[in-house]
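Have a look at protein25.csv below; it lists CSV, C-alpha atoms.
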chain,number,residue,atom,x,y,z
A,30,MET,CA,0.0,0.0,0.0
A,31,GLU,CA,2.8,2.4,0.9
A,32,ASP,CA,4.6,1.6,-2.3
A,33,ARG,CA,1.5,2.4,-4.4
A,34,LEU,CA,1.0,5.7,-2.6
A,35,LEU,CA,4.6,6.6,-3.2
A,36,LEU,CA,4.2,5.7,-6.9
A,37,VAL,CA,1.1,7.9,-7.3
A,38,PHE,CA,2.8,10.8,-5.5
A,39,THR,CA,5.9,10.5,-7.7
A,40,VAL,CA,3.8,10.5,-10.9
A,41,ALA,CA,1.9,13.5,-9.7
A,42,ILE,CA,5.1,15.4,-9.1
A,43,VAL,CA,6.5,14.5,-12.6
A,44,LEU,CA,3.3,15.5,-14.3
A,45,ALA,CA,3.2,18.8,-12.5
A,46,GLY,CA,6.8,19.4,-13.5
A,47,ILE,CA,6.0,18.7,-17.2
A,48,GLY,CA,3.0,20.9,-17.1
A,49,GLY,CA,4.9,23.8,-15.5
A,50,GLY,CA,7.7,23.3,-18.1
A,51,ILE,CA,5.3,23.6,-21.0
A,52,TRP,CA,3.8,26.8,-19.6
A,53,VAL,CA,7.2,28.4,-19.1
A,54,VAL,CA,8.4,27.5,-22.6
A,55,HIS,CA,5.3,28.9,-24.2
A,56,GLN,CA,5.2,32.1,-22.2
A,57,PRO,CA,5.4,34.8,-24.9
A,58,ASP,CA,7.4,38.0,-24.8
A,59,MET,CA,5.5,41.4,-24.9
A,60,ALA,CA,6.1,42.2,-28.5
A,61,ASN,CA,4.5,38.8,-29.6
A,62,ALA,CA,2.1,38.4,-26.7
A,63,SER,CA,-0.9,38.2,-29.0
A,64,PRO,CA,-1.6,38.3,-32.7
A,65,ARG,CA,-3.8,41.3,-32.0
A,66,ILE,CA,-0.8,43.5,-31.3
A,67,ASP,CA,-0.4,45.7,-34.5
A,68,GLN,CA,3.3,45.7,-35.4
A,69,ASN,CA,2.9,48.7,-37.7
A,70,PRO,CA,4.0,51.6,-35.5
A,71,TYR,CA,1.8,54.6,-34.7
A,72,ASN,CA,4.0,57.7,-34.6
A,73,LEU,CA,3.7,60.2,-31.7
A,74,THR,CA,6.2,63.0,-32.1
A,75,LEU,CA,6.4,65.6,-29.4
A,76,VAL,CA,8.3,68.9,-29.3
A,77,ILE,CA,9.3,70.7,-26.1
A,78,GLN,CA,9.9,74.4,-26.5
A,79,HIS,CA,10.9,76.7,-23.7
A,80,GLY,CA,10.5,80.5,-23.5
A,81,ILE,CA,6.8,80.8,-24.2
A,82,VAL,CA,4.8,83.5,-22.4
A,83,PHE,CA,2.5,81.8,-19.9
A,84,ASN,CA,1.0,85.1,-18.7
A,85,SER,CA,2.1,88.6,-17.7
A,86,SER,CA,2.7,87.7,-14.0
A,87,ILE,CA,4.5,84.3,-14.4
A,88,GLY,CA,6.4,85.1,-17.6
A,89,THR,CA,7.8,82.3,-19.8
A,90,GLN,CA,7.4,78.6,-19.4
A,91,PRO,CA,8.2,75.4,-21.3
A,92,SER,CA,5.5,73.5,-23.2
A,93,TYR,CA,4.9,70.2,-25.0
A,94,PHE,CA,3.5,70.3,-28.6
A,95,VAL,CA,2.5,67.5,-30.9
A,96,LEU,CA,4.3,67.6,-34.3
A,97,GLN,CA,2.0,66.3,-36.9
A,98,ASN,CA,1.1,67.1,-40.6
A,99,GLY,CA,3.6,69.9,-40.7
A,100,THR,CA,2.1,71.7,-37.7
A,101,LEU,CA,2.6,72.1,-34.0
A,102,GLN,CA,-0.6,71.1,-32.2
A,103,ASN,CA,-2.0,71.4,-28.7
A,104,SER,CA,-0.9,68.5,-26.5
A,105,SER,CA,-3.6,68.7,-23.9
A,106,ASN,CA,-5.5,65.7,-25.3
A,107,LEU,CA,-3.5,62.8,-26.8
A,108,ASN,CA,-5.3,59.9,-28.6
A,109,LEU,CA,-3.4,56.7,-29.1
A,110,PRO,CA,-4.5,53.2,-30.4
A,111,ALA,CA,-4.6,50.2,-28.1
A,112,ASP,CA,-2.8,47.0,-29.0
A,113,ARG,CA,-0.4,48.7,-31.4
A,114,ILE,CA,3.3,49.6,-31.1
A,115,ILE,CA,3.6,53.3,-30.3
A,116,ASN,CA,6.7,55.0,-31.8
A,117,LEU,CA,7.3,57.9,-29.5
A,118,ILE,CA,9.9,60.6,-30.3
A,119,ILE,CA,10.5,63.6,-28.0
A,120,ILE,CA,12.4,66.6,-29.5
A,121,ASP,CA,13.6,68.6,-26.4
A,122,PHE,CA,14.7,72.1,-27.3
A,123,ASP,CA,14.9,73.1,-23.6
A,124,ASN,CA,18.4,74.3,-22.6
A,125,GLY,CA,18.6,73.3,-18.9
A,126,PRO,CA,17.7,70.7,-16.3
A,127,SER,CA,14.9,70.7,-13.7
A,128,PRO,CA,14.8,68.9,-10.4
A,129,LEU,CA,12.8,65.7,-10.4
A,130,MET,CA,9.7,65.3,-8.2
A,131,ASN,CA,10.6,61.7,-7.6
A,132,PRO,CA,14.3,60.7,-8.0
A,133,ASN,CA,13.2,57.4,-9.5
A,134,MET,CA,11.8,59.2,-12.5
A,135,ASN,CA,15.3,59.2,-14.0
A,136,SER,CA,14.7,55.6,-15.0
A,137,VAL,CA,13.1,54.5,-18.2
A,138,GLN,CA,9.9,52.6,-17.5
A,139,GLY,CA,7.3,50.8,-19.6
A,140,THR,CA,9.1,50.6,-23.0
A,141,LEU,CA,9.3,47.4,-25.0
A,142,SER,CA,13.1,47.1,-24.5
A,143,GLY,CA,13.4,48.8,-21.1
A,144,HIS,CA,15.6,51.4,-22.9
A,145,VAL,CA,15.3,54.6,-24.9
A,146,ASN,CA,17.6,55.8,-27.7
A,147,VAL,CA,19.1,59.3,-27.3
A,148,THR,CA,20.9,61.5,-29.8
A,149,GLY,CA,21.9,65.2,-29.7
A,150,ILE,CA,19.8,68.0,-31.0
A,151,SER,CA,22.6,69.0,-33.3
A,152,GLN,CA,21.6,66.2,-35.6
A,153,ILE,CA,18.4,68.1,-36.6
A,154,GLN,CA,17.6,71.6,-37.9
A,155,LYS,CA,16.7,73.5,-34.8
A,156,ILE,CA,13.5,75.5,-34.7
A,157,PRO,CA,14.8,79.1,-34.6
A,158,ASP,CA,14.9,80.9,-31.3
A,159,ILE,CA,11.5,82.4,-30.7
A,160,ASN,CA,10.4,85.9,-29.9
A,161,HIS,CA,10.0,85.7,-26.1
A,162,ASN,CA,6.9,88.0,-26.3
A,163,MET,CA,4.9,85.2,-28.0
A,164,SER,CA,2.1,83.5,-26.2
A,165,ARG,CA,1.6,79.8,-26.8
A,166,ALA,CA,-1.2,80.4,-29.4
A,167,GLN,CA,1.0,83.0,-31.2
A,168,PHE,CA,3.9,80.6,-31.2
A,169,MET,CA,1.9,77.8,-32.9
A,170,SER,CA,0.3,80.2,-35.3
A,171,TYR,CA,3.6,81.7,-36.3
A,172,TYR,CA,5.4,78.5,-37.0
A,173,ASN,CA,2.4,76.7,-38.6
A,174,ASN,CA,1.9,79.6,-41.0
A,175,ASN,CA,5.5,80.3,-41.8
A,176,ASP,CA,7.5,77.1,-41.3
A,177,SER,CA,5.1,74.3,-42.2
A,178,SER,CA,7.6,72.8,-44.7
A,179,ALA,CA,10.4,72.9,-42.2
A,180,LEU,CA,8.2,71.2,-39.6
A,181,SER,CA,7.3,68.5,-42.1
A,182,ALA,CA,10.9,68.0,-42.9
A,183,LEU,CA,11.8,67.7,-39.2
A,184,TYR,CA,9.0,65.1,-38.7
A,185,THR,CA,10.3,63.1,-41.6
A,186,GLN,CA,13.9,63.3,-40.4
A,187,VAL,CA,13.3,62.1,-36.8
A,188,ASN,CA,10.9,59.3,-37.9
A,189,SER,CA,13.3,57.9,-40.6
A,190,ALA,CA,14.6,54.4,-40.1
A,191,SER,CA,18.2,55.6,-39.9
A,192,PHE,CA,18.0,58.7,-37.7
A,193,PHE,CA,18.8,56.8,-34.4
A,194,SER,CA,21.3,54.5,-35.9
A,195,ASN,CA,24.2,56.2,-34.1
A,196,SER,CA,22.2,57.0,-30.9
A,197,THR,CA,23.0,55.9,-27.3
A,198,SER,CA,20.7,53.3,-25.8
A,199,VAL,CA,20.1,54.0,-22.1
A,200,SER,CA,17.8,52.6,-19.3
A,201,SER,CA,18.3,55.6,-17.0
A,202,LEU,CA,19.7,59.2,-17.2
A,203,SER,CA,21.5,61.3,-14.7
A,204,GLY,CA,19.0,62.8,-12.3
A,205,ASN,CA,21.0,66.1,-12.5
A,206,ASN,CA,20.6,66.4,-16.2
A,207,ILE,CA,16.9,65.9,-17.0
A,208,ALA,CA,14.8,68.7,-18.4
A,209,HIS,CA,11.5,66.9,-18.6
A,210,THR,CA,9.7,63.6,-18.5
A,211,PHE,CA,6.7,62.1,-20.3
A,212,THR,CA,5.1,60.1,-17.6
A,213,VAL,CA,1.8,58.2,-17.6
A,214,SER,CA,1.7,56.6,-14.2
A,215,ALA,CA,-1.5,54.6,-14.8
A,216,PHE,CA,0.3,52.8,-17.6
A,217,GLY,CA,3.6,52.4,-15.9
A,218,LEU,CA,5.3,54.6,-18.5
A,219,ASN,CA,8.1,57.1,-17.8
A,220,ILE,CA,10.4,58.6,-20.5
A,221,PRO,CA,13.0,61.1,-19.2
A,222,SER,CA,14.4,63.6,-21.5
A,223,GLN,CA,17.7,65.5,-21.4
A,224,PRO,CA,18.1,69.1,-22.5
A,225,GLN,CA,18.9,69.5,-26.2
A,226,THR,CA,18.3,65.9,-27.2
A,227,VAL,CA,16.0,63.7,-29.3
A,228,THR,CA,14.7,60.7,-27.5
A,229,HIS,CA,13.1,57.6,-29.1
A,230,ALA,CA,11.0,55.0,-27.3
A,231,THR,CA,8.5,52.2,-28.2
A,232,PHE,CA,5.7,50.9,-26.1
A,233,VAL,CA,2.3,49.1,-26.3
A,234,ILE,CA,-0.8,49.8,-24.2
A,235,THR,CA,-3.2,46.9,-24.2
A,236,ALA,CA,-6.0,48.4,-22.2
A,237,GLY,CA,-8.4,51.2,-23.3
A,238,GLY,CA,-9.3,54.2,-21.2
A,239,THR,CA,-8.2,57.6,-20.2
A,240,ALA,CA,-5.3,58.6,-18.0
A,241,THR,CA,-3.2,61.6,-17.2
A,242,TRP,CA,0.2,62.3,-18.8
A,243,GLN,CA,2.5,64.8,-17.1
A,244,CYS,CA,6.1,66.0,-16.7
A,245,ASP,CA,7.6,64.8,-13.4
A,246,ALA,CA,10.4,67.4,-13.4
A,247,ASP,CA,9.7,70.6,-11.5
A,248,CYS,CA,9.8,72.9,-14.5
A,249,GLY,CA,6.9,75.3,-13.7
A,250,SER,CA,6.6,78.4,-11.7
A,251,GLY,CA,6.4,79.1,-8.0
A,252,SER,CA,8.8,78.3,-5.2
A,253,LEU,CA,8.7,74.5,-5.9
A,254,GLY,CA,8.2,74.8,-9.6
A,255,LEU,CA,4.8,73.0,-9.5
A,256,ASN,CA,2.6,75.9,-10.7
A,257,GLY,CA,2.2,77.5,-14.1
A,258,ALA,CA,3.1,75.0,-16.9
A,259,MET,CA,3.2,72.1,-14.5
A,260,ALA,CA,-0.5,72.5,-13.5
A,261,THR,CA,-1.9,73.5,-16.9
A,262,PRO,CA,-3.2,71.1,-19.6
A,263,GLY,CA,-1.4,71.4,-22.8
A,264,TRP,CA,1.8,72.7,-21.3
A,265,MET,CA,3.3,70.0,-19.0
A,266,LEU,CA,0.1,68.1,-18.3
A,267,GLY,CA,-2.8,66.6,-20.2
A,268,THR,CA,-4.9,63.5,-20.9
A,269,ILE,CA,-4.1,60.5,-22.9
A,270,THR,CA,-7.0,58.4,-24.3
A,271,ILE,CA,-6.4,54.8,-25.5
A,272,THR,CA,-9.0,53.4,-27.9
Step by step, read the file and then write its structure as structure tokens.
Amino acid sequence: MEDRLLLVFTVAIVLAGIGGGIWVVHQPDMANASPRIDQNPYNLTLVIQHGIVFNSSIGTQPSYFVLQNGTLQNSSNLNLPADRIINLIIIDFDNGPSPLMNPNMNSVQGTLSGHVNVTGISQIQKIPDINHNMSRAQFMSYYNNNDSSALSALYTQVNSASFFSNSTSVSSLSGNNIAHTFTVSAFGLNIPSQPQTVTHATFVITAGGTATWQCDADCGSGSLGLNGAMATPGWMLGTITIT
């Protein structure tokens, strides 16, 4: 009787081990987790420009813009597809760092590779220094009406297959040299950006819904840098809707 129980127990252990092994072997990676993941990238190209007049009392502030169709567009509401690779590029024209709200935000989070690719802003044609008396609306209107072809060329350049061929792949950046972040906490996404750089990241969001995107570097106004641009949709804050 004891021998039979021992045999049954041994067989159960072996079968459990085989089943577990099969599950591990067939556990897919994120990029191939499901045939419903669209491998054709959706491009989201963001531009950060500093020196834009927020209002008469605060003065100038930095702002995110969406670069699309040869125009700079408001970034307050971003719409992205679910179950599709997102090809994110951040062109950061800001010229100095800001302190991080959370020191861990210097780390790349939520990308397919766990890394981002970074190259210097000198590789692209810089948007000319702006008139620091321009409001955000005036800035968009001026460049959209006068430099649409240059903006289209910039978009094409940074989204070309070869642009990041000589870039540096990093999983974190020095916390003392980060100008901004693109952070969506609800999706576990954090992309830090250094001054005067172009950053490339890819990620997939498999759930629909709406969340907040924000910059986690204290780049606004006030004693802690948390007011002004930091607290205003379309500047360093907005919504992101996944459909």
Open item on the list: Using all atoms listed in the file, which protein or nucleic acid residues come within 7 Å of stretch 164-168 of chain A? Drop anything in the same chain fewer than 4 positions from it, and give the result as a list of chain:residue names.
Closed with: A:Ile81, A:Val82, A:Phe83, A:Tyr172
Task: Nearest residue to A:Thr268 from the set A:Ala240, A:Ile207, A:Leu255, A:Ile220 (distances using only C-alpha atoms) - done: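 Using only C-alpha atoms, A:Thr268 sits closest to A:Ala240.
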Open item on the list: One decimal, in Å: what's the spacing between atom CA of A:Ser178 and atom CA of A:Ile153?
Closed with: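 Computing it gives 14.3 Å between the two atoms.
Of the residues under consideration (A:Gly143, A:Pro224, A:Gly149, A:Gly99), A:Gly143 shows the shortest atom-to-atom contact distance to A:Ser200 when counting only C-alpha atoms.
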Open item on the list: Residues near stretch 208-214 of chain A, anyone? I mean within 9 Å using all atoms listed in the file, not counting same-chain ones fewer than 2 positions away, as a PyMOL selection string.
Closed with: chain A and resi 77+119+121+123-129+134-135+138+205-206+216-225+240-248+265+269
Neighbours of point (-5.2, 51.6, -24.3) within 10 Å, using all atoms listed in the file, written as a compact mmCIF listing (two decimals) with C-alpha atoms, keeping the file's coordinate frame:
# COMPACT_ATOMS: atom_id res chain seq x y z
CA ASN A 108 -5.30 59.90 -28.60
CA LEU A 109 -3.40 56.70 -29.10
CA PRO A 110 -4.50 53.20 -30.40
CA ALA A 111 -4.60 50.20 -28.10
CA ASP A 112 -2.80 47.00 -29.00
CA ARG A 113 -0.40 48.70 -31.40
CA PHE A 216 0.30 52.80 -17.60
CA VAL A 233 2.30 49.10 -26.30
CA ILE A 234 -0.80 49.80 -24.20
CA THR A 235 -3.20 46.90 -24.20
CA ALA A 236 -6.00 48.40 -22.20
CA GLY A 237 -8.40 51.20 -23.30
CA GLY A 238 -9.30 54.20 -21.20
CA THR A 239 -8.20 57.60 -20.20
CA ALA A 240 -5.30 58.60 -18.00
CA ILE A 269 -4.10 60.50 -22.90
CA THR A 270 -7.00 58.40 -24.30
CA ILE A 271 -6.40 54.80 -25.50
CA THR A 272 -9.00 53.40 -27.90
- [ ] Please identify all polymer residues within 8 Å of A:Ser196, counting all atoms listed in the file, omitting same-chain residues fewer than 6 positions from it, and present them as a ChimeraX atom specification.
- [x] /A:146-148
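Atom CA of A:Thr89 is positioned 20.7 Å from atom CA of A:Met130.
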Task: Distance of atom CA of A:Phe232 from atom CA of A:Ser142, expressed in Å to one decimal place - done: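 Those two atoms sit 8.5 Å apart.
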Save stretch 214-233 of chain A to disk from that block, N, CA and C atoms included, as a PDB file, in the first residue's frame.
ATOM      1  N   SER A 214       1.578  57.508 -15.296  1.00  0.00           N
ATOM      2  CA  SER A 214       1.688  56.601 -14.159  1.00  0.00           C
ATOM      3  C   SER A 214       0.705  55.441 -14.244  1.00  0.00           C
ATOM      4  N   ALA A 215      -0.498  55.692 -14.761  1.00  0.00           N
ATOM      5  CA  ALA A 215      -1.519  54.645 -14.837  1.00  0.00           C
ATOM      6  C   ALA A 215      -1.089  53.503 -15.747  1.00  0.00           C
ATOM      7  N   PHE A 216      -0.206  53.787 -16.702  1.00  0.00           N
ATOM      8  CA  PHE A 216       0.266  52.765 -17.632  1.00  0.00           C
ATOM      9  C   PHE A 216       1.693  52.317 -17.325  1.00  0.00           C
ATOM     10  N   GLY A 217       2.265  52.806 -16.220  1.00  0.00           N
ATOM     11  CA  GLY A 217       3.624  52.429 -15.859  1.00  0.00           C
ATOM     12  C   GLY A 217       4.665  52.926 -16.841  1.00  0.00           C
ATOM     13  N   LEU A 218       4.401  54.084 -17.449  1.00  0.00           N
ATOM     14  CA  LEU A 218       5.277  54.614 -18.494  1.00  0.00           C
ATOM     15  C   LEU A 218       6.010  55.856 -18.004  1.00  0.00           C
ATOM     16  N   ASN A 219       7.324  55.875 -18.184  1.00  0.00           N
ATOM     17  CA  ASN A 219       8.114  57.061 -17.845  1.00  0.00           C
ATOM     18  C   ASN A 219       9.282  57.188 -18.826  1.00  0.00           C
ATOM     19  N   ILE A 220       9.302  58.310 -19.549  1.00  0.00           N
ATOM     20  CA  ILE A 220      10.366  58.583 -20.508  1.00  0.00           C
ATOM     21  C   ILE A 220      11.053  59.882 -20.096  1.00  0.00           C
ATOM     22  N   PRO A 221      12.253  59.829 -19.501  1.00  0.00           N
ATOM     23  CA  PRO A 221      12.977  61.057 -19.153  1.00  0.00           C
ATOM     24  C   PRO A 221      13.662  61.634 -20.383  1.00  0.00           C
ATOM     25  N   SER A 222      13.816  62.956 -20.385  1.00  0.00           N
ATOM     26  CA  SER A 222      14.412  63.641 -21.536  1.00  0.00           C
ATOM     27  C   SER A 222      15.465  64.635 -21.068  1.00  0.00           C
ATOM     28  N   GLN A 223      16.642  64.563 -21.662  1.00  0.00           N
ATOM     29  CA  GLN A 223      17.705  65.508 -21.356  1.00  0.00           C
ATOM     30  C   GLN A 223      17.569  66.768 -22.194  1.00  0.00           C
ATOM     31  N   PRO A 224      18.130  67.897 -21.725  1.00  0.00           N
ATOM     32  CA  PRO A 224      18.095  69.117 -22.537  1.00  0.00           C
ATOM     33  C   PRO A 224      18.807  68.909 -23.870  1.00  0.00           C
ATOM     34  N   GLN A 225      18.254  69.524 -24.918  1.00  0.00           N
ATOM     35  CA  GLN A 225      18.889  69.541 -26.234  1.00  0.00           C
ATOM     36  C   GLN A 225      19.139  68.138 -26.790  1.00  0.00           C
ATOM     37  N   THR A 226      18.139  67.273 -26.677  1.00  0.00           N
ATOM     38  CA  THR A 226      18.265  65.905 -27.190  1.00  0.00           C
ATOM     39  C   THR A 226      17.003  65.491 -27.931  1.00  0.00           C
ATOM     40  N   VAL A 227      17.140  64.417 -28.697  1.00  0.00           N
ATOM     41  CA  VAL A 227      15.997  63.749 -29.315  1.00  0.00           C
ATOM     42  C   VAL A 227      15.958  62.330 -28.748  1.00  0.00           C
ATOM     43  N   THR A 228      14.813  61.946 -28.182  1.00  0.00           N
ATOM     44  CA  THR A 228      14.674  60.657 -27.501  1.00  0.00           C
ATOM     45  C   THR A 228      13.644  59.803 -28.218  1.00  0.00           C
ATOM     46  N   HIS A 229      13.964  58.515 -28.392  1.00  0.00           N
ATOM     47  CA  HIS A 229      13.067  57.587 -29.079  1.00  0.00           C
ATOM     48  C   HIS A 229      12.720  56.423 -28.155  1.00  0.00           C
ATOM     49  N   ALA A 230      11.438  56.085 -28.081  1.00  0.00           N
ATOM     50  CA  ALA A 230      10.979  54.960 -27.266  1.00  0.00           C
ATOM     51  C   ALA A 230       9.824  54.264 -27.971  1.00  0.00           C
ATOM     52  N   THR A 231       9.675  52.971 -27.718  1.00  0.00           N
ATOM     53  CA  THR A 231       8.513  52.234 -28.229  1.00  0.00           C
ATOM     54  C   THR A 231       7.814  51.548 -27.066  1.00  0.00           C
ATOM     55  N   PHE A 232       6.488  51.533 -27.112  1.00  0.00           N
ATOM     56  CA  PHE A 232       5.711  50.876 -26.069  1.00  0.00           C
ATOM     57  C   PHE A 232       4.369  50.445 -26.637  1.00  0.00           C
ATOM     58  N   VAL A 233       3.677  49.578 -25.899  1.00  0.00           N
ATOM     59  CA  VAL A 233       2.343  49.103 -26.264  1.00  0.00           C
ATOM     60  C   VAL A 233       1.450  49.243 -25.052  1.00  0.00           C
TER      61      VAL A 233
END
